[in-house]
Amino acid sequence: MTIEIAASLLRFATAGSVDDGKSTLVGRLLHDSKSVLADQLEAVERASASRGQDAPDLALLTDGLRAEREQGITIDVAYRYFATPRRRFILADTPGHVQYTRNMVTGASTAELTVILVDARNGVVEQTRRHAAIAALLRVPHAVLAVNKMDLVGYEEKAFAAIAEEFTAYAASLGVTDVMAIPMSALAGDNVVEPSAHMDWYGGPTLLEHLETVPVGSDPGRRPARFPVQYVIRPQSEEYRDYRGYAGQLASGVLRVGDAVTVLPSGRTSTVTAIDALGRRTDIAWAPQSVTVRLADQLDVSRGDLLASGPAPDPVTDFAATVCHLSERPLLSGAKVLLKHTTRTVRARVEEITYRIDTDTLEQRSGTGRLDVNDLGRVVLRTVEPLALDAYADNRRTGSFLLIDPADGTTLAAGMAGEAFATAAAAPREAADRRPDDAERTGRRNQEVPT
(Lines give C-alpha, C1' and ligand atoms only; values in the text may rest on other atoms or scores of the structure.)
Protein backbone atom coordinates (compact mmCIF):
# COMPACT_ATOMS: atom_id res chain seq x y z
CA MET A 1 0.00 0.00 0.00
CA THR A 2 1.36 3.43 -0.93
CA ILE A 3 0.76 6.23 1.55
CA GLU A 4 -0.02 9.58 -0.05
CA ILE A 5 1.78 12.53 1.52
CA ALA A 6 -0.65 15.45 1.66
CA ALA A 7 1.79 18.32 1.24
CA SER A 8 5.15 18.55 -0.47
CA LEU A 9 7.72 19.74 2.05
CA LEU A 10 11.48 19.96 1.50
CA ARG A 11 13.85 20.33 4.41
CA PHE A 12 17.23 21.53 3.21
CA ALA A 13 20.40 22.93 4.73
CA THR A 14 22.99 25.36 3.42
CA ALA A 15 26.72 25.13 4.13
CA GLY A 16 29.84 26.83 2.86
CA SER A 17 33.13 28.32 3.91
CA VAL A 18 33.41 31.79 5.40
CA ASP A 19 32.91 34.54 2.79
CA ASP A 20 31.53 32.16 0.16
CA GLY A 21 28.36 34.29 0.20
CA LYS A 22 26.02 31.83 1.88
CA SER A 23 23.99 34.38 3.84
CA THR A 24 23.70 36.52 0.71
CA LEU A 25 22.48 33.49 -1.23
CA VAL A 26 19.82 32.68 1.36
CA GLY A 27 18.77 36.34 1.47
CA ARG A 28 18.56 36.45 -2.33
CA LEU A 29 16.52 33.25 -2.41
CA LEU A 30 14.04 34.63 0.12
CA HIS A 31 13.90 38.07 -1.49
CA ASP A 32 13.48 37.00 -5.11
CA SER A 33 10.94 34.30 -4.23
CA LYS A 34 8.81 37.03 -2.56
CA SER A 35 9.23 35.38 0.86
CA VAL A 36 10.32 38.51 2.75
CA LEU A 37 7.81 40.63 4.61
CA ALA A 38 7.78 44.37 3.87
CA ASP A 39 8.83 45.36 7.39
CA GLN A 40 11.75 42.90 7.29
CA LEU A 41 12.97 44.36 4.02
CA GLU A 42 12.62 47.90 5.38
CA ALA A 43 14.68 46.98 8.44
CA VAL A 44 17.42 45.52 6.22
CA GLU A 45 17.37 48.64 4.03
CA ARG A 46 17.78 50.89 7.10
CA ALA A 47 20.60 48.76 8.48
CA SER A 48 22.35 48.75 5.11
CA ALA A 49 21.98 52.52 4.72
CA SER A 50 23.45 53.09 8.19
CA ARG A 51 26.53 51.22 6.97
CA GLY A 52 26.82 53.44 3.93
CA GLN A 53 25.66 50.77 1.47
CA ASP A 54 23.67 51.86 -1.56
CA ALA A 55 21.76 48.59 -1.99
CA PRO A 56 20.16 46.37 0.70
CA ASP A 57 22.57 43.80 2.14
CA LEU A 58 20.46 40.67 1.77
CA ALA A 59 22.79 38.75 4.09
CA LEU A 60 21.20 40.65 6.98
CA LEU A 61 17.97 38.72 6.41
CA THR A 62 19.61 35.66 7.96
CA ASP A 63 22.51 36.97 10.07
CA GLY A 64 20.26 38.00 12.94
CA LEU A 65 22.68 37.80 15.87
CA ARG A 66 24.57 41.00 16.69
CA ALA A 67 27.87 39.10 16.70
CA GLU A 68 27.06 37.72 13.24
CA ARG A 69 26.47 41.17 11.81
CA GLU A 70 29.56 42.60 13.45
CA GLN A 71 31.86 39.83 12.25
CA GLY A 72 30.14 39.15 8.94
CA ILE A 73 29.89 35.40 9.63
CA THR A 74 27.11 32.97 10.51
CA ILE A 75 27.47 31.54 14.03
CA ASP A 76 24.23 29.78 14.90
CA VAL A 77 21.82 27.68 12.84
CA ALA A 78 19.03 29.92 11.52
CA TYR A 79 15.80 28.30 10.39
CA ARG A 80 13.67 29.97 7.73
CA TYR A 81 10.24 28.88 6.56
CA PHE A 82 8.95 29.89 3.14
CA ALA A 83 6.79 28.56 0.36
CA THR A 84 6.17 28.83 -3.36
CA PRO A 85 3.09 27.69 -5.26
CA ARG A 86 4.85 24.35 -5.89
CA ARG A 87 6.34 23.44 -2.51
CA ARG A 88 6.88 24.37 1.14
CA PHE A 89 10.40 24.69 2.53
CA ILE A 90 12.21 24.56 5.85
CA LEU A 91 15.70 25.99 5.41
CA ALA A 92 18.49 25.48 7.94
CA ASP A 93 21.20 28.08 7.35
CA THR A 94 24.27 26.56 9.00
CA PRO A 95 27.59 28.25 9.89
CA GLY A 96 30.56 28.09 7.55
CA HIS A 97 33.37 28.94 9.97
CA VAL A 98 35.38 25.86 10.99
CA GLN A 99 34.82 26.75 14.67
CA TYR A 100 31.07 26.19 14.21
CA THR A 101 31.16 23.13 11.93
CA ARG A 102 29.41 21.13 14.65
CA ASN A 103 26.31 23.29 14.15
CA MET A 104 25.99 21.90 10.63
CA VAL A 105 25.26 18.49 12.14
CA THR A 106 22.23 20.00 13.84
CA GLY A 107 20.94 21.68 10.71
CA ALA A 108 21.60 18.81 8.29
CA SER A 109 20.48 15.93 10.52
CA THR A 110 16.88 16.16 9.27
CA ALA A 111 17.62 17.57 5.80
CA GLU A 112 16.81 15.84 2.53
CA LEU A 113 19.09 18.13 0.53
CA THR A 114 22.26 20.08 1.24
CA VAL A 115 23.33 23.20 -0.65
CA ILE A 116 27.13 23.48 -0.42
CA LEU A 117 28.54 26.81 -1.56
CA VAL A 118 31.92 27.26 -3.20
CA ASP A 119 33.56 30.58 -4.08
CA ALA A 120 34.33 30.40 -7.80
CA ARG A 121 37.67 32.12 -7.15
CA ASN A 122 38.83 29.62 -4.50
CA GLY A 123 37.20 26.39 -5.60
CA VAL A 124 36.96 23.33 -3.37
CA VAL A 125 38.77 23.94 -0.06
CA GLU A 126 39.16 21.90 3.12
CA GLN A 127 35.95 23.24 4.67
CA THR A 128 34.04 22.29 1.50
CA ARG A 129 35.26 18.73 1.87
CA ARG A 130 34.37 18.71 5.57
CA HIS A 131 30.81 19.83 4.83
CA ALA A 132 30.46 17.22 2.08
CA ALA A 133 31.74 14.51 4.43
CA ILE A 134 29.27 15.48 7.15
CA ALA A 135 26.39 15.49 4.65
CA ALA A 136 27.49 12.03 3.46
CA LEU A 137 27.75 10.72 7.03
CA LEU A 138 24.25 12.03 7.76
CA ARG A 139 23.01 10.25 4.61
CA VAL A 140 21.49 13.42 3.13
CA PRO A 141 20.19 12.00 -0.19
CA HIS A 142 20.57 15.06 -2.46
CA ALA A 143 23.31 17.66 -2.82
CA VAL A 144 23.58 20.95 -4.70
CA LEU A 145 27.00 22.41 -5.49
CA ALA A 146 26.38 26.16 -5.67
CA VAL A 147 29.39 27.71 -7.41
CA ASN A 148 28.92 31.29 -6.25
CA LYS A 149 30.51 34.61 -7.25
CA MET A 150 30.70 33.65 -10.92
CA ASP A 151 30.64 37.37 -11.69
CA LEU A 152 34.11 37.66 -10.14
CA VAL A 153 35.57 35.13 -12.60
CA GLY A 154 33.93 36.65 -15.66
CA TYR A 155 31.14 34.04 -15.75
CA GLU A 156 33.62 31.62 -17.34
CA GLU A 157 32.33 28.13 -18.03
CA LYS A 158 35.79 26.62 -17.66
CA ALA A 159 36.13 27.80 -14.07
CA PHE A 160 32.76 26.33 -13.18
CA ALA A 161 33.40 23.01 -14.95
CA ALA A 162 36.71 22.44 -13.15
CA ILE A 163 35.15 23.02 -9.73
CA ALA A 164 32.14 20.83 -10.55
CA GLU A 165 34.39 17.99 -11.67
CA GLU A 166 36.57 18.10 -8.56
CA PHE A 167 33.65 18.24 -6.14
CA THR A 168 31.65 15.54 -7.93
CA ALA A 169 34.62 13.17 -7.81
CA TYR A 170 35.09 13.80 -4.10
CA ALA A 171 31.38 13.36 -3.38
CA ALA A 172 31.36 10.08 -5.30
CA SER A 173 34.18 8.79 -3.09
CA LEU A 174 31.86 9.44 -0.13
CA GLY A 175 29.00 7.55 -1.77
CA VAL A 176 27.07 10.70 -2.78
CA THR A 177 26.01 10.35 -6.40
CA ASP A 178 23.11 12.82 -6.70
CA VAL A 179 24.93 16.14 -7.12
CA MET A 180 23.48 19.09 -9.06
CA ALA A 181 26.10 21.75 -9.86
CA ILE A 182 24.73 25.25 -10.50
CA PRO A 183 26.80 28.33 -11.42
CA MET A 184 25.44 31.50 -9.82
CA SER A 185 26.01 34.95 -8.41
CA ALA A 186 23.97 35.51 -5.28
CA LEU A 187 24.85 39.18 -5.18
CA ALA A 188 23.63 39.79 -8.74
CA GLY A 189 20.83 37.21 -8.59
CA ASP A 190 22.15 34.99 -11.39
CA ASN A 191 20.58 31.49 -11.41
CA VAL A 192 19.21 31.77 -7.88
CA VAL A 193 15.55 32.37 -8.70
CA GLU A 194 15.84 33.90 -12.14
CA PRO A 195 17.98 32.47 -15.00
CA SER A 196 21.21 34.31 -15.68
CA ALA A 197 21.64 36.46 -18.78
CA HIS A 198 25.41 36.13 -18.44
CA MET A 199 25.78 32.33 -18.61
CA ASP A 200 24.01 31.17 -21.76
CA TRP A 201 26.34 28.16 -21.78
CA TYR A 202 24.47 26.76 -18.74
CA GLY A 203 21.24 24.97 -19.61
CA GLY A 204 20.27 23.56 -16.21
CA PRO A 205 17.73 24.76 -13.64
CA THR A 206 18.05 27.68 -11.29
CA LEU A 207 18.48 26.89 -7.62
CA LEU A 208 14.81 27.48 -6.84
CA GLU A 209 13.66 25.39 -9.81
CA HIS A 210 15.77 22.49 -8.57
CA LEU A 211 14.50 22.86 -5.01
CA GLU A 212 10.93 22.81 -6.30
CA THR A 213 11.37 19.68 -8.39
CA VAL A 214 13.86 17.44 -6.58
CA PRO A 215 12.14 14.25 -5.32
CA VAL A 216 11.38 14.42 -1.61
CA GLY A 217 10.13 12.00 0.97
CA SER A 218 9.60 8.31 0.43
CA ASP A 219 6.86 5.75 0.76
CA PRO A 220 6.68 5.04 4.52
CA GLY A 221 5.61 1.49 3.68
CA ARG A 222 9.04 0.70 2.29
CA ARG A 223 10.62 0.56 5.76
CA PRO A 224 9.73 -1.57 8.78
CA ALA A 225 7.70 0.20 11.45
CA ARG A 226 9.61 1.61 14.40
CA PHE A 227 7.67 3.17 17.28
CA PRO A 228 9.71 4.49 20.24
CA VAL A 229 7.51 4.67 23.32
CA GLN A 230 7.58 8.13 24.84
CA TYR A 231 4.86 7.89 27.48
CA VAL A 232 2.55 5.26 28.97
CA ILE A 233 -1.04 6.48 29.33
CA ARG A 234 -3.05 4.96 32.20
CA PRO A 235 -6.01 7.26 33.07
CA GLN A 236 -7.48 4.78 35.62
CA SER A 237 -10.75 6.65 35.56
CA GLU A 238 -14.27 5.23 35.52
CA GLU A 239 -14.52 5.81 31.76
CA TYR A 240 -11.04 4.45 30.95
CA ARG A 241 -10.43 2.01 33.81
CA ASP A 242 -8.60 -0.59 31.71
CA TYR A 243 -7.04 1.79 29.20
CA ARG A 244 -3.30 1.25 28.61
CA GLY A 245 -1.85 3.17 25.69
CA TYR A 246 1.69 3.81 24.51
CA ALA A 247 2.20 7.31 23.13
CA GLY A 248 4.98 8.45 20.82
CA GLN A 249 5.95 9.43 17.30
CA LEU A 250 6.24 6.77 14.64
CA ALA A 251 9.89 6.97 13.56
CA SER A 252 9.46 4.99 10.35
CA GLY A 253 7.14 2.70 8.45
CA VAL A 254 3.43 2.04 8.71
CA LEU A 255 1.57 0.58 11.68
CA ARG A 256 -1.88 -1.00 11.31
CA VAL A 257 -4.41 -2.51 13.65
CA GLY A 258 -3.78 -6.25 13.63
CA ASP A 259 -0.02 -5.95 13.06
CA ALA A 260 2.23 -8.21 15.09
CA VAL A 261 4.89 -6.21 16.94
CA THR A 262 7.98 -7.02 18.96
CA VAL A 263 8.72 -5.04 22.11
CA LEU A 264 12.43 -4.26 22.26
CA PRO A 265 14.73 -4.84 23.99
CA SER A 266 12.69 -7.47 25.91
CA GLY A 267 11.77 -9.38 22.73
CA ARG A 268 8.15 -10.02 23.81
CA THR A 269 5.51 -10.03 21.09
CA SER A 270 1.93 -8.82 20.89
CA THR A 271 -0.64 -7.48 18.42
CA VAL A 272 -1.84 -3.92 17.81
CA THR A 273 -5.51 -3.75 18.82
CA ALA A 274 -6.10 0.01 18.46
CA ILE A 275 -4.44 3.22 17.28
CA ASP A 276 -5.59 6.61 18.57
CA ALA A 277 -4.61 9.79 16.71
CA LEU A 278 -5.78 13.28 17.72
CA GLY A 279 -8.36 11.77 20.04
CA ARG A 280 -9.91 9.57 17.35
CA ARG A 281 -9.61 5.90 16.54
CA THR A 282 -7.83 5.01 13.30
CA ASP A 283 -6.83 1.77 11.63
CA ILE A 284 -3.48 2.94 10.30
CA ALA A 285 -0.65 5.34 11.15
CA TRP A 286 2.51 6.23 9.28
CA ALA A 287 5.71 8.12 10.02
CA PRO A 288 6.05 10.77 11.33
CA GLN A 289 2.60 10.77 12.95
CA SER A 290 2.26 11.05 16.72
CA VAL A 291 -0.21 8.44 17.97
CA THR A 292 -1.15 6.24 20.88
CA VAL A 293 -0.89 2.47 20.34
CA ARG A 294 -2.73 -0.19 22.31
CA LEU A 295 -1.69 -3.84 22.45
CA ALA A 296 -3.59 -7.08 22.96
CA ASP A 297 -1.41 -8.24 25.86
CA GLN A 298 -0.63 -6.62 29.21
CA LEU A 299 3.12 -6.43 28.72
CA ASP A 300 5.69 -4.54 30.74
CA VAL A 301 6.30 -1.68 28.28
CA SER A 302 7.75 1.63 29.42
CA ARG A 303 9.34 4.80 28.10
CA GLY A 304 12.39 3.99 26.00
CA ASP A 305 11.08 0.67 24.68
CA LEU A 306 10.66 0.24 20.93
CA LEU A 307 7.72 -1.39 19.16
CA ALA A 308 8.95 -2.97 15.93
CA SER A 309 6.84 -4.44 13.16
CA GLY A 310 8.49 -6.56 10.50
CA PRO A 311 12.21 -7.43 10.69
CA ALA A 312 13.36 -6.28 14.11
CA PRO A 313 16.94 -5.33 15.01
CA ASP A 314 18.77 -7.51 17.51
CA PRO A 315 19.38 -5.57 20.74
CA VAL A 316 23.10 -4.99 21.33
CA THR A 317 25.33 -3.75 24.11
CA ASP A 318 28.55 -3.54 22.04
CA PHE A 319 28.65 -1.80 18.69
CA ALA A 320 30.75 0.41 16.42
CA ALA A 321 29.61 3.79 15.18
CA THR A 322 30.82 6.98 13.55
CA VAL A 323 30.54 10.13 15.65
CA CYS A 324 30.91 13.84 15.08
CA HIS A 325 32.36 15.38 18.20
CA LEU A 326 30.45 18.54 19.16
CA SER A 327 31.94 19.61 22.48
CA GLU A 328 34.98 21.72 23.31
CA ARG A 329 35.92 18.96 25.75
CA PRO A 330 37.77 16.10 24.02
CA LEU A 331 36.21 12.64 23.85
CA LEU A 332 38.70 10.11 25.25
CA SER A 333 38.93 6.34 25.15
CA GLY A 334 37.49 4.95 28.37
CA ALA A 335 35.14 7.88 28.91
CA LYS A 336 31.87 7.15 30.71
CA VAL A 337 28.90 8.79 29.01
CA LEU A 338 25.15 8.70 28.71
CA LEU A 339 23.80 7.48 25.38
CA LYS A 340 20.42 8.79 24.21
CA HIS A 341 18.76 6.68 21.51
CA THR A 342 15.24 7.75 20.48
CA THR A 343 13.41 7.96 23.84
CA ARG A 344 15.84 5.71 25.73
CA THR A 345 18.85 6.93 27.72
CA VAL A 346 21.41 4.44 29.07
CA ARG A 347 24.85 4.55 30.63
CA ALA A 348 27.71 3.70 28.29
CA ARG A 349 31.48 3.62 27.96
CA VAL A 350 33.72 4.57 25.04
CA GLU A 351 35.69 1.34 24.75
CA GLU A 352 37.89 2.46 21.89
CA ILE A 353 38.41 5.33 19.48
CA THR A 354 39.42 3.33 16.44
CA TYR A 355 40.42 6.19 14.18
CA ARG A 356 39.80 9.81 13.25
CA ILE A 357 38.68 10.61 9.70
CA ASP A 358 40.71 13.23 7.89
CA THR A 359 37.92 14.93 5.95
CA ASP A 360 40.36 16.48 3.50
CA THR A 361 42.01 13.23 2.38
CA LEU A 362 39.50 10.69 3.83
CA GLU A 363 42.43 8.89 5.45
CA GLN A 364 41.77 7.10 8.71
CA ARG A 365 44.26 8.19 11.38
CA SER A 366 44.46 5.62 14.15
CA GLY A 367 46.21 5.74 17.49
CA THR A 368 44.93 9.15 18.57
CA GLY A 369 42.78 7.92 21.47
CA ARG A 370 40.79 11.15 21.43
CA LEU A 371 38.43 13.25 19.35
CA ASP A 372 38.44 17.04 19.54
CA VAL A 373 35.69 19.46 18.63
CA ASN A 374 34.46 19.05 15.01
CA ASP A 375 36.39 15.77 14.59
CA LEU A 376 34.77 12.82 12.84
CA GLY A 377 35.81 9.43 14.11
CA ARG A 378 35.04 5.76 14.54
CA VAL A 379 34.33 4.52 18.06
CA VAL A 380 33.39 1.29 19.81
CA LEU A 381 30.76 1.69 22.53
CA ARG A 382 29.51 -0.58 25.31
CA THR A 383 26.18 0.11 26.99
CA VAL A 384 24.89 -1.07 30.36
CA GLU A 385 21.50 -1.94 28.86
CA PRO A 386 20.75 -3.34 25.38
CA LEU A 387 19.69 -1.00 22.58
CA ALA A 388 17.54 -1.77 19.54
CA LEU A 389 19.72 -0.02 16.96
CA ASP A 390 19.17 -0.05 13.23
CA ALA A 391 22.00 0.76 10.87
CA TYR A 392 21.93 4.51 10.20
CA ALA A 393 22.01 3.81 6.46
CA ASP A 394 18.71 1.95 6.83
CA ASN A 395 16.98 4.28 9.28
CA ARG A 396 18.21 7.78 10.15
CA ARG A 397 15.92 8.00 13.19
CA THR A 398 16.63 4.68 14.91
CA GLY A 399 20.25 4.48 13.75
CA SER A 400 21.30 7.76 15.37
CA PHE A 401 22.12 8.66 18.95
CA LEU A 402 23.73 11.30 21.18
CA LEU A 403 26.57 10.96 23.67
CA ILE A 404 26.00 13.11 26.77
CA ASP A 405 28.25 14.12 29.65
CA PRO A 406 26.65 12.50 32.74
CA ALA A 407 28.03 15.24 35.01
CA ASP A 408 26.26 18.26 33.52
CA GLY A 409 24.13 17.03 30.61
CA THR A 410 26.31 18.62 27.90
CA THR A 411 25.95 17.02 24.47
CA LEU A 412 29.33 15.57 23.54
CA ALA A 413 28.83 13.88 20.17
CA ALA A 414 26.27 12.85 17.58
CA GLY A 415 26.59 9.25 16.47
CA MET A 416 25.52 7.06 13.57
CA ALA A 417 25.50 3.27 13.87
CA GLY A 418 26.85 1.09 11.09
CA GLU A 419 29.19 1.90 8.22
CA ALA A 420 30.56 5.43 7.99
CA PHE A 421 29.88 6.17 4.33
CA ALA A 422 27.70 4.62 1.64
CA THR A 423 30.88 3.24 0.04
CA ALA A 424 34.25 2.51 1.55
CA ALA A 425 35.96 5.76 0.77
CA ALA A 426 39.33 4.78 2.08
CA ALA A 427 40.93 1.60 3.38
CA PRO A 428 42.15 1.73 6.99
CA ARG A 429 45.79 2.72 6.99
CA GLU A 430 48.30 4.81 8.87
CA ALA A 431 48.73 8.23 7.32
CA ALA A 432 51.58 10.65 7.66
CA ASP A 433 50.45 13.61 9.71
CA ARG A 434 50.55 16.13 6.90
CA ARG A 435 48.24 18.88 5.74
CA PRO A 436 48.31 19.67 2.03
CA ASP A 437 48.79 23.35 1.39
CA ASP A 438 46.00 25.36 -0.17
CA ALA A 439 47.49 25.13 -3.65
CA GLU A 440 47.52 21.33 -3.47
CA ARG A 441 44.04 21.12 -1.94
CA THR A 442 42.48 23.37 -4.55
CA GLY A 443 44.44 22.16 -7.57
CA ARG A 444 42.39 22.24 -10.76
CA ARG A 445 41.87 19.77 -13.55
CA ASN A 446 41.59 21.24 -17.02
CA GLN A 447 39.09 18.70 -18.30
CA GLU A 448 35.59 20.14 -18.56
CA VAL A 449 32.47 18.33 -17.46
CA PRO A 450 29.12 18.59 -19.25
CA THR A 451 26.53 20.86 -17.71
# chains A, B, ... in the order shown; residues from 1 in each chain; ligands from 1
call {"tool": "residues_around", "arguments": {"residues": "segment 105-121 of chain A", "least_positions_apart": "5", "cutoff": "8 Å", "atoms": "only C-alpha atoms", "output": "PyMOL selection string"}}
result
chain A and resi 10-17+19-22+77+92-94+128+131-132+134-135+138+140-150+152-153+159-160+163+216-217+324+414
call {"tool": "closest_residue", "arguments": {"among": "A:Asp190, A:Thr361, A:Arg268, A:Gly279", "to": "Ser173 of chain A", "atoms": "only C-alpha atoms"}}
result
A:Thr361
call {"tool": "residues_around", "arguments": {"residues": "segment 250-266 of chain A", "least_positions_apart": "5", "cutoff": "8 Å", "atoms": "only C-alpha atoms", "output": "CSV table (one decimal) with N, CA, C and O atoms, in the first residue's frame"}}
result
chain,number,residue,atom,x,y,z
A,220,PRO,N,6.4,5.6,3.2
A,220,PRO,CA,6.7,5.0,4.5
A,220,PRO,C,6.6,3.5,4.6
A,220,PRO,O,7.2,2.9,5.4
A,221,GLY,N,5.8,2.9,3.7
A,221,GLY,CA,5.6,1.5,3.7
A,221,GLY,C,6.8,0.7,3.2
A,221,GLY,O,6.9,-0.5,3.4
A,222,ARG,N,7.8,1.4,2.8
A,222,ARG,CA,9.0,0.7,2.3
A,222,ARG,C,10.0,0.3,3.4
A,222,ARG,O,10.8,-0.5,3.3
A,223,ARG,N,9.8,0.9,4.6
A,223,ARG,CA,10.6,0.6,5.8
A,223,ARG,C,9.8,-0.1,6.9
A,223,ARG,O,8.6,0.2,7.0
A,224,PRO,N,10.4,-1.0,7.6
A,224,PRO,CA,9.7,-1.6,8.8
A,224,PRO,C,9.3,-0.5,9.8
A,224,PRO,O,10.0,0.5,9.9
A,225,ALA,N,8.2,-0.8,10.5
A,225,ALA,CA,7.7,0.2,11.4
A,225,ALA,C,8.6,0.2,12.7
A,225,ALA,O,9.0,-0.8,13.2
A,226,ARG,N,8.9,1.4,13.2
A,226,ARG,CA,9.6,1.6,14.4
A,226,ARG,C,8.9,2.7,15.2
A,226,ARG,O,8.7,3.8,14.8
A,227,PHE,N,8.5,2.3,16.4
A,227,PHE,CA,7.7,3.2,17.3
A,227,PHE,C,8.3,3.3,18.7
A,227,PHE,O,8.1,2.4,19.5
A,228,PRO,N,9.1,4.3,18.9
A,228,PRO,CA,9.7,4.5,20.2
A,228,PRO,C,8.6,5.0,21.2
A,228,PRO,O,7.9,5.9,20.9
A,271,THR,N,0.1,-7.9,19.6
A,271,THR,CA,-0.6,-7.5,18.4
A,271,THR,C,-1.3,-6.1,18.7
A,271,THR,O,-1.8,-5.9,19.8
A,272,VAL,N,-1.2,-5.2,17.7
A,272,VAL,CA,-1.8,-3.9,17.8
A,272,VAL,C,-3.4,-4.1,17.7
A,272,VAL,O,-3.9,-4.6,16.8
A,273,THR,N,-4.0,-3.6,18.8
A,273,THR,CA,-5.5,-3.8,18.8
A,273,THR,C,-6.2,-2.4,18.5
A,273,THR,O,-7.4,-2.4,18.1
A,274,ALA,N,-5.5,-1.3,18.7
A,274,ALA,CA,-6.1,0.0,18.5
A,274,ALA,C,-5.0,1.1,18.3
A,274,ALA,O,-3.9,0.9,18.9
A,275,ILE,N,-5.3,2.1,17.5
A,275,ILE,CA,-4.4,3.2,17.3
A,275,ILE,C,-5.3,4.5,17.4
A,275,ILE,O,-6.3,4.6,16.8
A,283,ASP,N,-7.3,3.1,11.9
A,283,ASP,CA,-6.8,1.8,11.6
A,283,ASP,C,-5.4,1.7,11.2
A,283,ASP,O,-4.8,0.7,11.1
A,284,ILE,N,-4.8,2.9,10.9
A,284,ILE,CA,-3.5,2.9,10.3
A,284,ILE,C,-2.8,4.2,10.7
A,284,ILE,O,-3.4,5.3,10.9
A,285,ALA,N,-1.5,4.2,10.9
A,285,ALA,CA,-0.6,5.3,11.2
A,285,ALA,C,0.7,5.2,10.4
A,285,ALA,O,1.1,4.1,10.2
A,286,TRP,N,1.2,6.3,10.0
A,286,TRP,CA,2.5,6.2,9.3
A,286,TRP,C,3.4,7.4,9.8
A,286,TRP,O,3.0,8.4,10.3
A,287,ALA,N,4.7,7.1,9.6
A,287,ALA,CA,5.7,8.1,10.0
A,287,ALA,C,5.5,9.4,9.2
A,287,ALA,O,5.2,9.4,8.1
A,288,PRO,N,5.6,10.6,9.9
A,288,PRO,CA,6.1,10.8,11.3
A,288,PRO,C,4.9,11.1,12.2
A,288,PRO,O,5.0,12.1,13.1
A,289,GLN,N,3.8,10.5,12.1
A,289,GLN,CA,2.6,10.8,12.9
A,289,GLN,C,2.9,10.5,14.4
A,289,GLN,O,3.6,9.5,14.8
A,290,SER,N,2.2,11.3,15.3
A,290,SER,CA,2.3,11.1,16.7
A,290,SER,C,0.9,10.4,17.1
A,290,SER,O,-0.1,11.0,16.8
A,291,VAL,N,1.0,9.2,17.7
A,291,VAL,CA,-0.2,8.4,18.0
A,291,VAL,C,-0.1,7.7,19.3
A,291,VAL,O,1.0,7.8,19.9
A,301,VAL,N,5.8,-2.6,29.3
A,301,VAL,CA,6.3,-1.7,28.3
A,301,VAL,C,6.4,-0.3,28.9
A,301,VAL,O,5.5,0.2,29.5
A,305,ASP,N,11.2,1.9,25.4
A,305,ASP,CA,11.1,0.7,24.7
A,305,ASP,C,10.7,1.0,23.2
A,305,ASP,O,10.2,2.1,22.9
A,306,LEU,N,10.9,0.0,22.4
A,306,LEU,CA,10.7,0.2,20.9
A,306,LEU,C,9.7,-0.8,20.4
A,306,LEU,O,10.0,-2.0,20.6
A,307,LEU,N,8.6,-0.4,19.8
A,307,LEU,CA,7.7,-1.4,19.2
A,307,LEU,C,8.1,-1.5,17.7
A,307,LEU,O,8.2,-0.5,17.0
A,308,ALA,N,8.5,-2.7,17.3
A,308,ALA,CA,8.9,-3.0,15.9
A,308,ALA,C,8.0,-3.9,15.2
A,308,ALA,O,7.7,-5.0,15.7
A,309,SER,N,7.6,-3.6,14.0
A,309,SER,CA,6.8,-4.4,13.2
A,309,SER,C,7.7,-4.8,12.0
A,309,SER,O,8.4,-4.0,11.4
A,310,GLY,N,7.6,-6.1,11.6
A,310,GLY,CA,8.5,-6.6,10.5
A,310,GLY,C,9.8,-7.0,11.1
A,310,GLY,O,10.0,-7.3,12.2
A,312,ALA,N,13.0,-7.1,12.9
A,312,ALA,CA,13.4,-6.3,14.1
A,312,ALA,C,14.9,-6.4,14.3
A,312,ALA,O,15.5,-7.4,14.1
A,315,PRO,N,18.8,-6.5,19.7
A,315,PRO,CA,19.4,-5.6,20.7
A,315,PRO,C,20.9,-5.9,21.0
A,315,PRO,O,21.3,-7.0,21.1
A,386,PRO,N,20.8,-3.1,26.8
A,386,PRO,CA,20.8,-3.3,25.4
A,386,PRO,C,19.9,-2.3,24.7
A,386,PRO,O,19.0,-1.7,25.2
A,387,LEU,N,20.4,-2.0,23.4
A,387,LEU,CA,19.7,-1.0,22.6
A,387,LEU,C,19.2,-1.7,21.3
A,387,LEU,O,20.0,-2.5,20.7
A,388,ALA,N,18.1,-1.3,20.8
A,388,ALA,CA,17.5,-1.8,19.5
A,388,ALA,C,17.9,-0.8,18.4
A,388,ALA,O,17.2,0.0,18.0
A,395,ASN,N,18.0,3.5,8.6
A,395,ASN,CA,17.0,4.3,9.3
A,395,ASN,C,17.7,5.4,10.0
A,395,ASN,O,18.4,5.2,11.0
A,397,ARG,N,16.5,7.7,11.9
A,397,ARG,CA,15.9,8.0,13.2
A,397,ARG,C,16.4,7.0,14.2
A,397,ARG,O,16.8,7.4,15.3
A,398,THR,N,16.3,5.7,13.9
A,398,THR,CA,16.6,4.7,14.9
A,398,THR,C,18.1,4.2,14.8
A,398,THR,O,18.5,3.3,15.5
